Every structure is written in structure tokens, then in C-alpha cells.
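Enquirer: Got a structure for you, written out below as C-alpha cells; questions coming shortly.
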Amino acid sequence: MNARLAILLSGGGSTYANLVEAIADGRLAAEIAVVISSRRAVQGVQRANDHGHPVFVTRDPAEIARLLATHEASHVAMCGWTRYWDPPPQWQGKVVNIHPSLLPSFGGRGFYGHHVHAAVLAQGCKLSGCTAHLVQGDYDTGPILAQEAVPVYPHDTVESLADRVQALERAIYPGVVQALVSNRIREQDGRYWIED
């Protein structure tokens, strides 16, 4: 039986669309149980409607928990969710996020989307990338599961760097979500990894 995956999003839903594609082509053994958006007038809501997935708009933690239970979700993938949500105890270890930097650098409140890439360029960093992590505690502080890096070029703009980082996100996130739903996340002495 496939995992029942809930999606949390706040924007265009491109990361959600990537997971839908991974499900369709067999890279991710899951079904979308519910889509929850923190904002009503975003493309992600329209994408959910187009795919025929149940979609709700809320920022309330109690309502999020209720929707997850009502739709019998087994795991949660954050797909550009920009609101603070520390999963309650029953969801610890079952919620994953993809962040557009090499955490712990350029994470935390206010660091999302183009804000991250602008900060990377402003600091003169030579590498950037993305990080998949479990969600717990403060913004972007959960255990790191996977990271990939890209070079930062002297001629880069926010847009060009974002394009390369987003390509990495599309490449690694379905595999990390698959590892989560297939119980291949391992931990020892506070360090986490994905079992092959």
C-alpha cells in the first residue's frame, strides 16, 4: 500500500508538481492525500485543483493537524511552505522539507525563495545548493538528510542561481521523500542518513 502524502505549500507549487510527476513515473511510491496551502490566491492551489487533489487553505496548526488526520495522511512533504509549523509529537520524523541553501547557512525566518539566493550572492559565496531535512523545532533546524551543491559564478544573478538550485531540488527531493515513506531514514548519535 502506497504512503498517503500530505503537501504543505505557500506559492506556485512547482515542488509539489515535481512530486506528482515522480509519483506518475514510479519514482515515488505514494499518493497525494491532501494539499494544504497557507495562501488562497497562489498557483499551487490551482495546481491541486487541476490534479483533483483535495485542497484546503489554512495557517492554523490545529486545523492542519485535523486535516492530516481526516485525510489519513501518513507523511508530510513541505513544498515551499513559508509559515512556521513545528509538527506535533505524532508527526515527528514524518515531515520533510527542501530548502534552497546549504543549511545551516542561509536558513531561518525570512530565508526562502529568492531571499536566500540574494543573500548568498551578497555574501560572495562560491557554493550554494539545497538541503532536505526533517522538520522539527525552529525554521530550517531539523536534522539534515541530504545536500547537493552548485557553484556560484561571478556573473550569476538571483534568477540564474535560483534556476540551478531548483534543478537540484527537483533531482533530489523525490528520492528523499521516497526514503521517508519507505522507512529508510536512519539515526545514530544525533546524525541522520538515508539507507540504500
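Ordered as shown in the C-alpha cells, chains take letters A, B, and onward, while each chain numbers its residues from 1 and ligands are numbered from 1 in the order shown.
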Please list as an mmCIF file with C-alpha atoms, in the first residue's frame every residue within 6 Å of range 129-135 of chain A, counting only C-alpha atoms and excluding residues in the same chain fewer than 4 positions away.
Expert:
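Resulting contents of out29.cif:
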data_model
loop_
_atom_site.group_PDB
_atom_site.id
_atom_site.type_symbol
_atom_site.label_atom_id
_atom_site.label_comp_id
_atom_site.auth_asym_id
_atom_site.auth_seq_id
_atom_site.Cartn_x
_atom_site.Cartn_y
_atom_site.Cartn_z
ATOM 1 C CA VAL A 95 7.684 15.644 7.893
ATOM 2 C CA VAL A 96 10.359 16.653 5.392
ATOM 3 C CA ASN A 97 11.310 19.947 3.757
ATOM 4 C CA ILE A 98 13.569 21.054 0.918
ATOM 5 C CA HIS A 99 15.432 24.342 1.439
ATOM 6 C CA PRO A 100 17.324 26.317 -1.232
ATOM 7 C CA SER A 101 20.670 26.627 0.565
ATOM 8 C CA LEU A 102 23.320 24.512 2.218
ATOM 9 C CA GLY A 142 15.693 19.850 11.724
ATOM 10 C CA PRO A 143 18.138 17.006 11.051
ATOM 11 C CA ILE A 144 19.771 17.162 7.617
ATOM 12 C CA LEU A 145 19.053 14.178 5.358
ATOM 13 C CA ALA A 146 20.637 15.163 2.037
ATOM 14 C CA GLN A 147 22.521 18.064 0.472
ATOM 15 C CA GLU A 148 23.751 18.869 -3.020
ATOM 16 C CA ALA A 149 25.895 21.822 -4.099
ATOM 17 C CA VAL A 150 26.270 24.011 -7.173
ATOM 18 C CA VAL A 165 19.398 25.303 -7.240
#
Enquirer: Skipping near chain neighbours, those fewer than 2 positions away, what residues fall within 12 Å of Ser128 in chain A using only C-alpha atoms, listed as a PyMOL selection string?
Expert: chain A and resi 99-106+116-121+123-126+130-131+147-153+156+158+161-166+168-169
Enquirer: Where in range 15-196 of chain A does DSSP assign alpha helix (DSSP H), given as a PyMOL selection string?
Expert: chain A and resi 15-24+43-51+61-70+114-122+158-181
Enquirer: In Å to one decimal, how far is CA of Gln136 in chain A from CA of Arg186 in chain A?
Expert: 16.1 Å
Enquirer: Pick out the closest residue to Gly110 in chain A from this set: A:Arg191, A:Arg184, A:Arg47, A:Arg83. Count only C-alpha atoms.
Expert: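 Closest to Gly110 in chain A of all the choices is A:Arg83.
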Enquirer: Name the residues in contact with Asn183 in chain A at a cut-off of 12 Å, using only C-alpha atoms, excluding same-chain residues fewer than 3 positions from it; report them as an MDAnalysis selection string.
Expert: chainID A and resid 3 74:75 93:94 176:180 186:187 193:196
Enquirer: Generate a file of the selected residues that holds C-alpha atoms, formatted as a PDB file, in the first residue's frame.
Expert:
ATOM      1  CA  ALA A   3       2.049   6.069   1.574  1.00  0.00           C
ATOM      2  CA  SER A  74       0.949   9.126   6.772  1.00  0.00           C
ATOM      3  CA  HIS A  75       3.716  11.621   5.892  1.00  0.00           C
ATOM      4  CA  GLY A  93      10.112  12.149  11.956  1.00  0.00           C
ATOM      5  CA  LYS A  94       7.355  12.116   9.321  1.00  0.00           C
ATOM      6  CA  VAL A 176      14.364  11.838  -0.096  1.00  0.00           C
ATOM      7  CA  VAL A 177      10.569  11.680   0.178  1.00  0.00           C
ATOM      8  CA  GLN A 178      10.695   8.069  -1.046  1.00  0.00           C
ATOM      9  CA  ALA A 179      13.258   7.270   1.641  1.00  0.00           C
ATOM     10  CA  LEU A 180      10.976   8.845   4.243  1.00  0.00           C
ATOM     11  CA  ARG A 186      18.441   6.101   9.976  1.00  0.00           C
ATOM     12  CA  GLU A 187      19.819   7.911  13.050  1.00  0.00           C
ATOM     13  CA  TRP A 193      21.346   9.414   6.864  1.00  0.00           C
ATOM     14  CA  ILE A 194      19.372   7.634   4.157  1.00  0.00           C
ATOM     15  CA  GLU A 195      19.919   3.881   3.963  1.00  0.00           C
ATOM     16  CA  ASP A 196      20.470   2.490   0.461  1.00  0.00           C
TER      17      ASP A 196
END
Enquirer: Do you know which residues are at most 9 Å from range 48-58 of chain A counting only C-alpha atoms, after dropping those on the same chain fewer than 4 positions away, and could you put them as a list in words?
Expert: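 Once the adjacent positions are removed, what remains is Gly13, Tyr16, Ala17, Val20, Ile32, Ala33, Val34, Val35, Ile36, Ser37, Ser38, Arg39, Arg40, Gln43, Gly44, Glu63, Ile64, Leu67 and His71 of chain A.
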Enquirer: So how far away is CA of Val42 in chain A from CA of Asp25 in chain A, in Å?
Expert: 25.8 Å
Enquirer: Enumerate, as a VMD selection string, the complete set of residues in chain A that a backbone-based DSSP assignment places in strand (DSSP E).
Expert: chain A and resid 3 to 9 30 to 37 55 to 57 75 to 78 95 to 99 127 to 134 144 to 151 185 to 188 191 to 194
Enquirer: For Pro61 in chain A, which residue among A:Asp86, A:Val181, A:Arg4, A:Arg170 is the nearest when counting only C-alpha atoms?
Expert: A:Asp86
Enquirer: Taking into account only C-alpha atoms, which residue in the set A:Gly12, A:Gly107, A:Pro154, A:Gly175 is nearest to Ala122 in chain A?
Expert: A:Pro154
Enquirer: At what distance in Å, to one decimal, does CA of Trp85 in chain A lie from CA of Ile185 in chain A?
Expert: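 Separation between CA of Ile185 in chain A and CA of Trp85 in chain A: 21.3 Å.
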Enquirer: Which of these, A:Leu127, A:Val45, A:Ala6, A:Cys79, has the shortest distance to Asn18 in chain A once you count only C-alpha atoms?
Expert: A:Cys79
